[in-house]
Every structure is written in structure tokens, then in C-alpha cells.
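Participant: Structure supplied as coords39.txt; contents: compact mmCIF, C-alpha atoms.
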# COMPACT_ATOMS: atom_id res chain seq x y z
CA MET A 231 -19.39 -33.93 -6.79
CA GLY A 232 -21.64 -34.61 -3.78
CA THR A 233 -25.25 -35.79 -3.54
CA ASP A 234 -28.16 -34.62 -1.38
CA SER A 235 -30.20 -36.85 0.98
CA ALA A 236 -32.43 -37.97 -1.89
CA GLY A 237 -29.42 -39.20 -3.82
CA THR A 238 -29.62 -36.46 -6.48
CA GLU A 239 -26.40 -34.90 -7.62
CA GLN A 240 -25.64 -31.42 -6.25
CA ARG A 241 -24.56 -28.96 -8.93
CA GLN A 242 -21.80 -26.45 -8.36
CA PRO A 243 -23.03 -22.88 -7.82
CA VAL A 244 -22.74 -20.57 -10.81
CA MET A 245 -22.51 -16.79 -11.11
CA ALA A 246 -26.28 -16.47 -11.52
CA ASP A 247 -26.73 -18.07 -8.08
CA VAL A 248 -24.42 -15.49 -6.54
CA ALA A 249 -26.28 -12.67 -8.28
CA LYS A 250 -29.65 -13.95 -7.05
CA LEU A 251 -28.52 -14.35 -3.43
CA ALA A 252 -26.83 -10.91 -3.40
CA GLY A 253 -29.77 -9.24 -5.15
CA VAL A 254 -27.64 -7.82 -7.95
CA SER A 255 -27.14 -8.38 -11.65
CA HIS A 256 -24.86 -10.95 -13.27
CA GLN A 257 -22.73 -8.05 -14.59
CA THR A 258 -22.24 -6.65 -11.07
CA VAL A 259 -20.94 -9.99 -9.81
CA SER A 260 -18.53 -10.07 -12.77
CA ARG A 261 -17.28 -6.56 -11.97
CA VAL A 262 -16.64 -7.51 -8.33
CA LEU A 263 -14.77 -10.68 -9.34
CA ASN A 264 -12.59 -8.75 -11.78
CA GLY A 265 -11.82 -5.97 -9.30
CA ALA A 266 -13.52 -3.29 -11.38
CA PRO A 267 -13.88 0.19 -9.88
CA HIS A 268 -17.15 2.05 -9.38
CA VAL A 269 -18.89 -0.71 -7.41
CA ARG A 270 -20.55 0.60 -4.23
CA PRO A 271 -18.88 -0.78 -1.07
CA ASP A 272 -22.14 -2.19 0.32
CA THR A 273 -22.87 -3.90 -3.00
CA ARG A 274 -19.37 -5.36 -3.12
CA ASP A 275 -19.79 -6.65 0.46
CA ARG A 276 -23.09 -8.36 -0.41
CA VAL A 277 -21.56 -10.05 -3.43
CA LEU A 278 -18.53 -11.26 -1.46
CA ALA A 279 -20.78 -12.54 1.32
CA ALA A 280 -22.85 -14.49 -1.23
CA ILE A 281 -19.69 -15.95 -2.74
CA ARG A 282 -18.59 -17.17 0.69
CA GLU A 283 -21.99 -18.57 1.60
CA LEU A 284 -22.33 -20.50 -1.65
CA ASP A 285 -18.62 -21.47 -1.73
CA TYR A 286 -18.61 -20.22 -5.32
CA ARG A 287 -15.43 -20.79 -7.33
CA PRO A 288 -15.08 -18.78 -10.55
CA ASN A 289 -14.40 -20.75 -13.71
CA SER A 290 -10.90 -19.58 -14.59
CA ALA A 291 -11.15 -20.85 -18.18
CA ALA A 292 -14.38 -18.96 -18.74
CA ARG A 293 -12.96 -15.83 -17.17
CA ALA A 294 -9.90 -16.07 -19.41
CA LEU A 295 -12.15 -16.13 -22.47
CA VAL A 296 -13.85 -12.92 -21.34
CA THR A 297 -10.85 -11.00 -20.00
CA ARG A 298 -8.19 -12.57 -22.26
CA ARG A 299 -6.10 -12.87 -19.10
CA SER A 300 -5.14 -16.31 -17.75
CA GLN A 301 -3.61 -14.87 -14.55
CA THR A 302 -0.95 -17.56 -14.99
CA LEU A 303 2.80 -17.06 -15.22
CA GLY A 304 5.35 -19.61 -16.36
CA VAL A 305 8.66 -20.36 -14.67
CA VAL A 306 11.52 -22.21 -16.34
CA SER A 307 13.71 -23.58 -13.56
CA PHE A 308 16.92 -25.58 -13.30
CA ASP A 309 16.17 -29.06 -11.91
CA SER A 310 18.24 -28.71 -8.75
CA THR A 311 18.00 -29.30 -5.04
CA LEU A 312 20.71 -26.70 -4.43
CA TYR A 313 19.60 -24.10 -1.90
CA GLY A 314 20.10 -21.06 -4.14
CA PRO A 315 18.06 -22.09 -7.23
CA ALA A 316 15.42 -23.82 -5.08
CA SER A 317 15.02 -20.70 -2.94
CA MET A 318 14.80 -18.49 -6.03
CA LEU A 319 11.92 -20.63 -7.28
CA ASP A 320 10.18 -20.50 -3.90
CA GLY A 321 10.57 -16.71 -3.76
CA ILE A 322 9.08 -16.30 -7.24
CA GLU A 323 6.13 -18.60 -6.48
CA ARG A 324 5.34 -16.76 -3.24
CA ALA A 325 5.52 -13.36 -4.94
CA ALA A 326 3.27 -14.56 -7.77
CA ARG A 327 0.62 -15.83 -5.36
CA SER A 328 0.72 -12.53 -3.49
CA ALA A 329 0.21 -10.69 -6.78
CA GLY A 330 -2.82 -12.86 -7.64
CA TYR A 331 -1.19 -15.09 -10.26
CA PHE A 332 -1.06 -18.84 -10.69
CA VAL A 333 2.32 -20.37 -11.53
CA SER A 334 3.17 -23.15 -13.96
CA VAL A 335 6.71 -24.48 -13.44
CA THR A 336 8.86 -26.39 -15.93
CA SER A 337 12.06 -27.87 -14.46
CA LEU A 338 14.89 -28.75 -16.82
CA ARG A 339 17.92 -30.97 -16.31
CA SER A 340 19.83 -29.05 -18.96
CA LEU A 341 19.66 -25.31 -19.55
CA ASP A 342 20.85 -25.39 -23.16
CA GLY A 343 19.24 -23.19 -25.80
CA ARG A 344 16.99 -25.84 -27.30
CA SER A 345 15.66 -27.06 -23.93
CA VAL A 346 14.90 -23.54 -22.70
CA GLN A 347 13.19 -22.54 -25.97
CA GLU A 348 11.04 -25.71 -25.92
CA ALA A 349 10.09 -25.05 -22.29
CA VAL A 350 9.03 -21.47 -23.05
CA ASP A 351 7.04 -22.67 -26.07
CA ARG A 352 5.22 -25.27 -23.94
CA LEU A 353 4.35 -22.66 -21.34
CA ARG A 354 3.14 -20.27 -24.02
CA ASP A 355 0.91 -23.05 -25.42
CA GLN A 356 -0.59 -23.35 -21.92
CA GLY A 357 -1.66 -19.70 -22.14
CA VAL A 358 0.77 -18.15 -19.65
CA GLU A 359 0.93 -14.37 -19.77
CA GLY A 360 4.65 -14.10 -19.08
CA VAL A 361 7.68 -16.25 -18.23
CA VAL A 362 10.42 -16.07 -15.61
CA VAL A 363 13.60 -17.97 -16.49
CA ILE A 364 15.94 -18.90 -13.63
CA ALA A 365 19.31 -18.75 -15.37
CA PRO A 366 22.22 -19.55 -13.02
CA GLN A 367 24.58 -21.02 -15.62
CA THR A 368 26.40 -19.53 -18.60
CA SER A 369 24.53 -21.89 -20.95
CA ALA A 370 21.22 -20.58 -19.62
CA VAL A 371 22.24 -16.97 -20.19
CA SER A 372 23.13 -17.75 -23.80
CA ALA A 373 19.78 -19.53 -24.17
CA VAL A 374 17.84 -16.57 -22.76
CA ALA A 375 19.63 -14.14 -25.06
CA ARG A 376 18.51 -16.19 -28.10
CA LEU A 377 14.92 -16.82 -26.99
CA SER A 378 12.12 -16.08 -29.39
CA SER A 379 8.83 -15.50 -27.60
CA SER A 380 5.61 -13.55 -27.99
CA VAL A 381 5.18 -13.29 -24.21
CA PRO A 382 7.20 -11.04 -21.87
CA LEU A 383 10.30 -12.61 -20.30
CA VAL A 384 12.28 -11.85 -17.15
CA ALA A 385 15.52 -13.62 -16.20
CA VAL A 386 16.63 -14.29 -12.62
CA GLY A 387 20.21 -14.87 -11.52
CA SER A 388 21.79 -14.12 -14.91
CA GLY A 389 24.04 -11.22 -13.98
CA ASN A 390 24.09 -8.41 -16.53
CA GLN A 391 24.96 -10.56 -19.52
CA THR A 392 21.60 -10.40 -21.29
CA GLN A 393 19.32 -7.67 -22.65
CA VAL A 394 16.25 -9.43 -21.23
CA PRO A 395 14.92 -7.68 -18.07
CA MET A 396 16.81 -9.28 -15.19
CA VAL A 397 16.95 -9.53 -11.41
CA SER A 398 20.03 -10.87 -9.64
CA VAL A 399 21.88 -10.86 -6.34
CA GLY A 400 24.97 -8.67 -6.00
CA ASN A 401 27.39 -11.60 -5.84
CA ARG A 402 30.53 -9.55 -6.50
CA TYR A 403 29.52 -7.10 -3.80
CA GLY A 404 28.77 -9.88 -1.28
CA ALA A 405 32.05 -11.66 -1.98
CA GLY A 406 33.90 -8.38 -1.63
CA GLU A 407 32.23 -7.71 1.72
CA ALA A 408 33.18 -11.16 3.00
CA THR A 409 36.79 -10.87 1.82
CA GLY A 410 37.15 -7.30 3.08
CA HIS A 411 35.79 -8.27 6.50
CA LEU A 412 38.48 -10.93 6.85
CA LEU A 413 41.20 -8.53 5.72
CA ASP A 414 39.95 -5.95 8.25
CA LEU A 415 40.45 -8.56 10.97
CA GLY A 416 44.17 -8.55 10.14
CA HIS A 417 44.45 -11.59 7.88
CA ARG A 418 47.25 -11.20 5.34
CA THR A 419 45.17 -12.79 2.60
CA VAL A 420 42.02 -14.90 2.11
CA HIS A 421 41.87 -18.28 0.38
CA HIS A 422 38.80 -19.11 -1.72
CA VAL A 423 36.78 -22.28 -2.29
CA ALA A 424 34.89 -21.46 -5.51
CA GLY A 425 31.87 -23.08 -7.09
CA PRO A 426 31.70 -24.64 -10.58
CA ALA A 427 33.34 -22.52 -13.27
CA ASN A 428 30.21 -22.51 -15.49
CA TRP A 429 27.96 -20.97 -12.83
CA LEU A 430 27.53 -17.19 -12.98
CA GLU A 431 27.28 -16.94 -9.19
CA SER A 432 30.60 -18.75 -8.86
CA GLN A 433 32.26 -16.50 -11.44
CA ASP A 434 30.97 -13.32 -9.81
CA ARG A 435 31.88 -14.37 -6.27
CA GLU A 436 35.36 -15.35 -7.37
CA GLU A 437 35.78 -12.01 -9.13
CA GLY A 438 34.57 -10.09 -6.07
CA TRP A 439 37.05 -11.98 -3.90
CA ARG A 440 39.94 -11.45 -6.33
CA LEU A 441 39.29 -7.73 -6.91
CA THR A 442 39.07 -7.07 -3.17
CA LEU A 443 42.43 -8.76 -2.54
CA GLN A 444 44.03 -6.89 -5.42
CA ALA A 445 42.65 -3.54 -4.24
CA ALA A 446 44.13 -4.20 -0.80
CA GLY A 447 47.51 -5.22 -2.24
CA ALA A 448 47.07 -8.69 -0.71
CA PRO A 449 48.40 -11.89 -2.28
CA VAL A 450 45.87 -13.77 -4.45
CA PRO A 451 46.10 -17.51 -3.61
CA GLU A 452 45.25 -20.26 -6.07
CA VAL A 453 41.52 -21.03 -6.08
CA GLU A 454 40.19 -24.33 -4.73
CA ARG A 455 37.35 -25.44 -7.04
CA GLY A 456 34.28 -27.21 -5.65
CA ASP A 457 30.86 -28.23 -7.00
CA TRP A 458 28.65 -26.57 -4.32
CA SER A 459 28.47 -29.79 -2.28
CA ALA A 460 29.68 -30.31 1.30
CA ARG A 461 31.75 -33.22 -0.01
CA SER A 462 33.72 -30.94 -2.35
CA GLY A 463 34.19 -28.45 0.49
CA TYR A 464 35.53 -31.25 2.65
CA GLN A 465 38.03 -32.26 -0.02
CA ALA A 466 39.15 -28.65 -0.45
CA GLY A 467 39.43 -28.37 3.32
CA LEU A 468 41.81 -31.34 3.49
CA ARG A 469 44.08 -29.63 0.96
CA ILE A 470 43.86 -26.28 2.72
CA ALA A 471 44.59 -27.86 6.11
CA GLY A 472 47.91 -29.03 4.69
CA LEU A 473 48.97 -25.45 3.92
CA GLY A 474 50.60 -24.00 6.99
CA ASP A 475 50.09 -20.30 6.18
CA VAL A 476 46.28 -20.23 5.73
CA THR A 477 44.41 -18.10 8.30
CA ALA A 478 41.20 -17.21 6.44
CA VAL A 479 38.92 -18.89 3.87
CA PHE A 480 35.92 -17.56 1.95
CA CYS A 481 33.66 -20.31 0.58
CA ALA A 482 31.32 -19.58 -2.33
CA ASN A 483 28.41 -21.27 -0.54
CA ASP A 484 27.51 -22.53 2.92
CA HIS A 485 27.41 -26.22 2.02
CA MET A 486 31.04 -26.16 0.93
CA ALA A 487 31.84 -24.22 4.10
CA LEU A 488 30.26 -27.04 6.13
CA GLY A 489 32.53 -29.61 4.49
CA LEU A 490 35.52 -27.34 5.02
CA LEU A 491 34.74 -27.01 8.74
CA ARG A 492 34.65 -30.81 9.08
CA ALA A 493 38.00 -31.22 7.31
CA LEU A 494 39.68 -28.52 9.41
CA HIS A 495 38.33 -30.10 12.62
CA GLU A 496 39.70 -33.51 11.63
CA ALA A 497 43.07 -31.92 10.85
CA GLY A 498 43.20 -30.31 14.29
CA ARG A 499 42.86 -26.75 12.96
CA SER A 500 40.68 -24.61 15.22
CA VAL A 501 37.96 -22.41 13.69
CA PRO A 502 38.12 -19.46 14.13
CA TYR A 503 41.34 -19.24 16.15
CA ASP A 504 43.60 -20.96 13.60
CA ILE A 505 41.49 -20.34 10.49
CA SER A 506 38.50 -18.00 10.03
CA VAL A 507 35.76 -19.18 7.64
CA VAL A 508 33.00 -17.25 5.82
CA GLY A 509 30.29 -18.77 3.60
CA PHE A 510 27.62 -17.45 1.24
CA ASP A 511 23.80 -17.95 1.17
CA ASP A 512 22.87 -18.13 4.88
CA ILE A 513 21.12 -21.47 4.61
CA PRO A 514 18.78 -22.20 7.56
CA GLU A 515 21.34 -24.57 9.12
CA ALA A 516 24.24 -22.07 9.02
CA ALA A 517 23.50 -20.76 12.53
CA TYR A 518 23.83 -24.32 13.88
CA PHE A 519 27.20 -25.28 12.38
CA THR A 520 30.12 -25.76 14.77
CA PRO A 521 31.00 -22.97 15.12
CA PRO A 522 27.98 -20.98 13.85
CA LEU A 523 28.90 -19.74 10.39
CA THR A 524 29.53 -16.14 9.41
CA THR A 525 28.06 -15.84 5.93
CA VAL A 526 26.52 -13.59 3.27
CA ARG A 527 22.71 -13.65 3.24
CA GLN A 528 20.63 -13.47 0.07
CA ASP A 529 17.05 -12.18 0.25
CA PHE A 530 15.26 -14.64 -2.02
CA GLY A 531 11.84 -13.24 -1.12
CA GLU A 532 12.91 -9.83 -2.43
CA LEU A 533 14.43 -11.47 -5.49
CA GLY A 534 11.08 -13.08 -6.32
CA ARG A 535 9.13 -9.91 -5.59
CA ARG A 536 11.29 -7.76 -7.85
CA ALA A 537 11.20 -10.34 -10.67
CA LEU A 538 7.40 -10.42 -10.51
CA GLU A 539 7.30 -6.62 -10.35
CA LEU A 540 9.27 -6.42 -13.62
CA LEU A 541 7.15 -9.07 -15.33
CA VAL A 542 3.77 -7.74 -14.21
CA GLY A 543 4.89 -4.24 -15.18
CA GLU A 544 5.57 -5.50 -18.70
CA LEU A 545 2.18 -7.21 -18.82
CA GLU A 546 0.41 -4.04 -17.78
CA GLY A 547 2.46 -1.69 -19.95
CA VAL A 548 4.16 0.06 -17.04
CA ALA A 549 7.70 1.15 -17.88
CA PRO A 550 10.06 0.10 -15.05
CA ALA A 551 12.51 2.51 -13.47
CA GLU A 552 15.25 0.00 -14.32
CA THR A 553 15.32 -3.29 -16.21
CA GLN A 554 18.54 -4.64 -14.71
CA VAL A 555 17.88 -4.99 -10.97
CA GLN A 556 20.57 -6.08 -8.54
CA ILE A 557 19.77 -6.84 -4.90
CA ALA A 558 22.56 -6.32 -2.41
CA PRO A 559 23.20 -9.20 0.02
CA GLU A 560 24.25 -8.61 3.62
CA MET A 561 26.88 -10.00 5.98
CA VAL A 562 25.66 -12.10 8.90
CA LEU A 563 28.30 -12.17 11.63
CA ARG A 564 28.59 -15.29 13.76
CA ARG A 565 31.44 -17.12 15.50
CA SER A 566 33.43 -18.66 12.63
CA VAL A 567 35.70 -15.60 12.25
CA ALA A 568 38.16 -13.91 14.60
CA PRO A 569 40.94 -11.32 14.38
CA ILE A 570 44.32 -12.76 13.45
CA GLY A 571 46.14 -14.13 16.48
CA HIS A 572 43.03 -13.86 18.69
CA ARG A 573 42.51 -16.53 21.36
Reformat the file's structure so that it appears as C-alpha cells.

Facilitator:
Amino acid sequence: MGTDSAGTEQRQPVMADVAKLAGVSHQTVSRVLNGAPHVRPDTRDRVLAAIRELDYRPNSAARALVTRRSQTLGVVSFDSTLYGPASMLDGIERAARSAGYFVSVTSLRSLDGRSVQEAVDRLRDQGVEGVVVIAPQTSAVSAVARLSSSVPLVAVGSGNQTQVPMVSVGNRYGAGEATGHLLDLGHRTVHHVAGPANWLESQDREEGWRLTLQAAGAPVPEVERGDWSARSGYQAGLRIAGLGDVTAVFCANDHMALGLLRALHEAGRSVPYDISVVGFDDIPEAAYFTPPLTTVRQDFGELGRRALELLVGELEGVAPAETQVQIAPEMVLRRSVAPIGHR
């Protein structure tokens, strides 16, 4: 709080000050702030000009008492620096701001049923109008399915394994596209470096890879299991480099692909001429790997927008066209793949 030249404390402007400067009633200012219809354009302009001149900031708590709307949404997130979950959270926050909502985030180290329920209860106590749960693991999906809540819920990244409204990326489709692209280049089969077995994304990408090989009548190699890290991709790459018949590898994320590229380079295996490599995610660094990585891009901005669309629709009583939304990823072709035998 500032003071004027006489040392007296300056008070913050209130709605009555805006009304006086704009030459309108207190009720008119309230209607403009709440986006009510039937306010004349010139009147609205005068009110907005007065708000800017006075640097008036509405009291959100007071407005909530009047409108019974907090304009705040809760997000329960997995405490992770992994690109996928972190980008999902960023996409949701951006979409919420664009829709005029504040966001309160609770990050959990464990996505078990009790932790998720307690997080939702805490957010509800804060007065949130709805909750988005980022649920990338099987434990989180089970937790979401058992949630008891008086506020609307939307899950993100949980596949189709819950009745809660859900938005996810088409992981099976993306994995199938990556595997099919390598088969189309003449590779007899495609090896796979999978993510952790308890992650839904890992399960779906592995299934997409396997089904595509089976549909093509191609051999299905044993899966190399990683933990999403470049280190685990490197370790898988050392094992793969020792197999003389490998010509193509699909990695379940770009960080594991980075580790794989390092291991293949150290083993003297050229990418893409000896072994073609495809990742998943399209992290910002993927275009700067050596060689630049062909990968499957996820649109996290669209993921956040669609999740908020479902949640806001529930809040406003608008029935959605679908409650299980899947967003198709897309292949990004770079220089880490080549036709078999190409030099």
C-alpha cells in the first residue's frame, strides 16, 4: 500500500469509484465486470476506461460471494519433471487462463487412491469449481475411478479405462504410425524400447507397436524396458548394438531415443544407415539430436484445451458431443530413419 506526498495512506479504488468516474451506477459496473449482456457499447467502454485509469482490481472473494463462482479450477498432477506430464500441466494451465479461470495445482509424489482423493478434497475446500486429474499411471486410473467428489472431474492421459470424462493422446495410433513407417522403408521388423510397465502411455505404445508388427506378419522381438530416462535408453542401446540383425528401433519417448543414439554411436553403428531410430513426444531438443530425430509429436496445447472444454461444459451444463476424447499425434520426419540398405 503506497502513501501520498503528505504521508497519508492511499486506499485501493473500489467499485463505487469506478461508477463515479464512468458516470454510471454501481450495478452497471458489476454487469460489465461479470460480462452481462444488454449493456450499451458506449457505456461498457466508459466503464472499462475508468477501470484502466483507476487501476481497479475486482475483489475475487467478494465476487465469488455474489456470483457463487470462484472462477478457479483445480489440477491434480503427478510430481514429475518428465516432458509428457509437465507439458500436459502447462497445456491445461494455458487453456484455463485463456478461458478466464485461475488454476490451483496440487502435485503428488504418489498417485494412489488415498493421495488423489485427499488432493481433490483439499482443492474442493479451496472452492474450486472443477478438477482436472492428470492420470498417466495405472494406479492413478484406479484412483480416479473410485473418486468421490461433489465437483465435476475430468481426467487427462488415462486412456479409456475410466468412466470419468477423459482426454488422451492416441498412443496406440502414434506407435502404429511409427512402426508402420519403418516397415514401409523395408525393415524386416522393428525393435522396441518401452517405458515403465505401469504407465498407460507405455502400455498403449507397446500395444500399437506389437499390433502393427503382427498385422504385417513381421517378427515381434523381445521388448527392451526402460524408465523414460536417457540413461535407460543408453543401456538398452548397448544391448541392442550387440544384436547383429537389428535395423530399426522405435523408442517410447525421445529421451530414451537420445540415450540409444549415444550407445549406437559408441558401438560404431551408424544411424540411420545401419539402424533407423524413431522416438515419441517431439521434445524441443529432438530436432538437434545427432542425427535429428524422427518422432511422433503430441499436441499438448490441444490436450489442455479439450480437457478445459469438457470441464467448463460440465460446469455450465452443456452436454459434450463426446466424453472420451482422443487426440491423434502426428509423425515428424527427420534424418534418423532411412530405407533398408540405403547409403

Participant: Counting all atoms listed in the file, give me one row per residue of range 327-423 of chain A with an atom at most 12 Å from an atom of range 487-508 of chain A, showing the shortest contact pair and its distance in Å to one decimal, sorted by chain then residue number, as a Markdown table.

Facilitator:
| residue | atom | partner | partner_atom | distance |
| --- | --- | --- | --- | --- |
| A:Gly404 | CA | A:Val508 | CA | 11.1 |
| A:Ala405 | CA | A:Val508 | CA | 9.6 |
| A:Gly406 | CA | A:Val508 | CA | 11.6 |
| A:Glu407 | CA | A:Val508 | CA | 10.4 |
| A:Ala408 | CA | A:Val508 | CA | 6.7 |
| A:Thr409 | CA | A:Val508 | CA | 8.4 |
| A:Gly410 | CA | A:Val508 | CA | 11.1 |
| A:His411 | CA | A:Val508 | CA | 9.4 |
| A:Leu412 | CA | A:Ser506 | CA | 7.8 |
| A:Leu413 | CA | A:Ser506 | CA | 10.7 |
| A:Leu415 | CA | A:Ser506 | CA | 9.7 |
| A:Gly416 | CA | A:Ser506 | CA | 11.0 |
| A:His417 | CA | A:Ser506 | CA | 9.0 |
| A:Arg418 | CA | A:Ile505 | CA | 12.0 |
| A:Thr419 | CA | A:Ser506 | CA | 11.3 |
| A:Val420 | CA | A:Ser506 | CA | 9.2 |
| A:His421 | CA | A:Val507 | CA | 9.5 |
| A:His422 | CA | A:Val508 | CA | 9.7 |
| A:Val423 | CA | A:Ala487 | CA | 8.3 |

Participant: Please produce an output containing C-alpha atoms for each residue in the selection, written as a short mmCIF file (atom, residue, chain, number, x, y, z; two decimals), keeping the file's coordinate frame.

Facilitator:
data_model
loop_
_atom_site.label_atom_id
_atom_site.label_comp_id
_atom_site.auth_asym_id
_atom_site.auth_seq_id
_atom_site.Cartn_x
_atom_site.Cartn_y
_atom_site.Cartn_z
CA GLY A 404 28.77 -9.88 -1.28
CA ALA A 405 32.05 -11.66 -1.98
CA GLY A 406 33.90 -8.38 -1.63
CA GLU A 407 32.23 -7.71 1.72
CA ALA A 408 33.18 -11.16 3.00
CA THR A 409 36.79 -10.87 1.82
CA GLY A 410 37.15 -7.30 3.08
CA HIS A 411 35.79 -8.27 6.50
CA LEU A 412 38.48 -10.93 6.85
CA LEU A 413 41.20 -8.53 5.72
CA LEU A 415 40.45 -8.56 10.97
CA GLY A 416 44.17 -8.55 10.14
CA HIS A 417 44.45 -11.59 7.88
CA ARG A 418 47.25 -11.20 5.34
CA THR A 419 45.17 -12.79 2.60
CA VAL A 420 42.02 -14.90 2.11
CA HIS A 421 41.87 -18.28 0.38
CA HIS A 422 38.80 -19.11 -1.72
CA VAL A 423 36.78 -22.28 -2.29
#

Participant: Please put the answer as JSON: centre and edge lengths, in Å with one decimal, of a box along x, y and z that encloses all listed atoms of range 347-353 of chain A plus 5 Å on each side.

Facilitator:
{"center_x": 8.8, "center_y": -23.6, "center_z": -23.7, "size_x": 18.8, "size_y": 14.2, "size_z": 14.7}

Participant: With distances taken over only C-alpha atoms, which of A:Asp247, A:Asp529, A:Asp275, A:Asp414 is nearest to Met318 in chain A?

Facilitator: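 Distance minimum relative to Met318 in chain A lands on A:Asp529.
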
Participant: Extract, using all atoms listed in the file, all DNA, RNA and protein residues at most 9 Å from Val394 in chain A, discarding same-chain residues fewer than 4 positions from it, and format them as a PyMOL selection string.

Facilitator: chain A and resi 374-375+383-385+553-554

Participant: Leaving out Gly304 in chain A and any residue of its chain fewer than 4 positions from it, which residues lie within 10 Å of it when counting all atoms listed in the file, given as number ranges by chain?

Facilitator: A: 323, 332-336, 349-350, 352-354, 356-363, 383

Participant: Atoms to include: C-alpha atoms. Write the selected residues as a PDB file, keeping the file's coordinate frame.

Facilitator:
ATOM      1  CA  GLU A 323       6.130 -18.600  -6.480  1.00  0.00           C
ATOM      2  CA  PHE A 332      -1.060 -18.840 -10.690  1.00  0.00           C
ATOM      3  CA  VAL A 333       2.320 -20.370 -11.530  1.00  0.00           C
ATOM      4  CA  SER A 334       3.170 -23.150 -13.960  1.00  0.00           C
ATOM      5  CA  VAL A 335       6.710 -24.480 -13.440  1.00  0.00           C
ATOM      6  CA  THR A 336       8.860 -26.390 -15.930  1.00  0.00           C
ATOM      7  CA  ALA A 349      10.090 -25.050 -22.290  1.00  0.00           C
ATOM      8  CA  VAL A 350       9.030 -21.470 -23.050  1.00  0.00           C
ATOM      9  CA  ARG A 352       5.220 -25.270 -23.940  1.00  0.00           C
ATOM     10  CA  LEU A 353       4.350 -22.660 -21.340  1.00  0.00           C
ATOM     11  CA  ARG A 354       3.140 -20.270 -24.020  1.00  0.00           C
ATOM     12  CA  GLN A 356      -0.590 -23.350 -21.920  1.00  0.00           C
ATOM     13  CA  GLY A 357      -1.660 -19.700 -22.140  1.00  0.00           C
ATOM     14  CA  VAL A 358       0.770 -18.150 -19.650  1.00  0.00           C
ATOM     15  CA  GLU A 359       0.930 -14.370 -19.770  1.00  0.00           C
ATOM     16  CA  GLY A 360       4.650 -14.100 -19.080  1.00  0.00           C
ATOM     17  CA  VAL A 361       7.680 -16.250 -18.230  1.00  0.00           C
ATOM     18  CA  VAL A 362      10.420 -16.070 -15.610  1.00  0.00           C
ATOM     19  CA  VAL A 363      13.600 -17.970 -16.490  1.00  0.00           C
ATOM     20  CA  LEU A 383      10.300 -12.610 -20.300  1.00  0.00           C
TER      21      LEU A 383
END

Participant: Would you mind reading off the distance between CA of Val277 in chain A and CA of Gln242 in chain A, one decimal, in Å?

Facilitator: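 A separation of 17.1 Å between them.
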
Participant: With distances taken over all atoms listed in the file, which residue among A:Gln556, A:Asn401, A:Ser566, A:Gln393 lies nearest Ala478 in chain A?

Facilitator: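 Closest candidate: A:Ser566.
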
Participant: Report the distance between CA of Gly400 in chain A and CA of Ala424 in chain A in Å, rounded to one decimal place.

Facilitator: 16.2 Å

Participant: In Å, how far is it from CA of Trp429 in chain A to CA of Gln444 in chain A?

Facilitator: 22.6 Å

Participant: Any idea what's packed within 9 Å of Glu539 in chain A, counting all atoms listed in the file, ignoring anything in its chain fewer than 4 positions away? Could you give it as a ChimeraX atom specification?

Facilitator: /A:325,329,534-535,543-544,550

Participant: With distances taken over only C-alpha atoms, which of A:Ser307, A:Gly387, A:Gln301, A:Val381 is nearest to Asp434 in chain A?

Facilitator: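 Looking only at the distances to Asp434 in chain A, the closest residue turns out to be A:Gly387.
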
Participant: Can you patch up range 455-468 of chain A, filling it in to N, CA and C atoms, and show the result as an mmCIF file, in the coordinates of the input?

Facilitator:
data_model
loop_
_atom_site.group_PDB
_atom_site.id
_atom_site.type_symbol
_atom_site.label_atom_id
_atom_site.label_comp_id
_atom_site.auth_asym_id
_atom_site.auth_seq_id
_atom_site.Cartn_x
_atom_site.Cartn_y
_atom_site.Cartn_z
ATOM 1 N N ARG A 455 38.607 -25.361 -6.304
ATOM 2 C CA ARG A 455 37.350 -25.440 -7.040
ATOM 3 C C ARG A 455 36.474 -26.562 -6.498
ATOM 4 N N GLY A 456 35.235 -26.216 -6.122
ATOM 5 C CA GLY A 456 34.280 -27.210 -5.650
ATOM 6 C C GLY A 456 33.087 -27.299 -6.588
ATOM 7 N N ASP A 457 32.057 -28.071 -6.163
ATOM 8 C CA ASP A 457 30.860 -28.230 -7.000
ATOM 9 C C ASP A 457 29.592 -27.865 -6.234
ATOM 10 N N TRP A 458 29.721 -27.033 -5.212
ATOM 11 C CA TRP A 458 28.650 -26.570 -4.320
ATOM 12 C C TRP A 458 28.344 -27.566 -3.203
ATOM 13 N N SER A 459 28.834 -28.782 -3.274
ATOM 14 C CA SER A 459 28.470 -29.790 -2.280
ATOM 15 C C SER A 459 29.385 -29.725 -1.057
ATOM 16 N N ALA A 460 28.867 -30.224 0.090
ATOM 17 C CA ALA A 460 29.680 -30.310 1.300
ATOM 18 C C ALA A 460 30.873 -31.235 1.073
ATOM 19 N N ARG A 461 30.667 -32.283 0.274
ATOM 20 C CA ARG A 461 31.750 -33.220 -0.010
ATOM 21 C C ARG A 461 32.928 -32.505 -0.677
ATOM 22 N N SER A 462 32.632 -31.644 -1.664
ATOM 23 C CA SER A 462 33.720 -30.940 -2.350
ATOM 24 C C SER A 462 34.380 -29.929 -1.417
ATOM 25 N N GLY A 463 33.600 -29.347 -0.500
ATOM 26 C CA GLY A 463 34.190 -28.450 0.490
ATOM 27 C C GLY A 463 35.102 -29.194 1.445
ATOM 28 N N TYR A 464 34.698 -30.409 1.776
ATOM 29 C CA TYR A 464 35.530 -31.250 2.650
ATOM 30 C C TYR A 464 36.858 -31.568 1.977
ATOM 31 N N GLN A 465 36.810 -31.945 0.711
ATOM 32 C CA GLN A 465 38.030 -32.260 -0.020
ATOM 33 C C GLN A 465 38.948 -31.050 -0.141
ATOM 34 N N ALA A 466 38.344 -29.882 -0.403
ATOM 35 C CA ALA A 466 39.150 -28.650 -0.450
ATOM 36 C C ALA A 466 39.745 -28.350 0.913
ATOM 37 N N GLY A 467 38.955 -28.616 1.963
ATOM 38 C CA GLY A 467 39.430 -28.370 3.320
ATOM 39 C C GLY A 467 40.629 -29.227 3.688
ATOM 40 N N LEU A 468 40.652 -30.477 3.217
ATOM 41 C CA LEU A 468 41.810 -31.340 3.490
ATOM 42 C C LEU A 468 43.061 -30.776 2.841
#
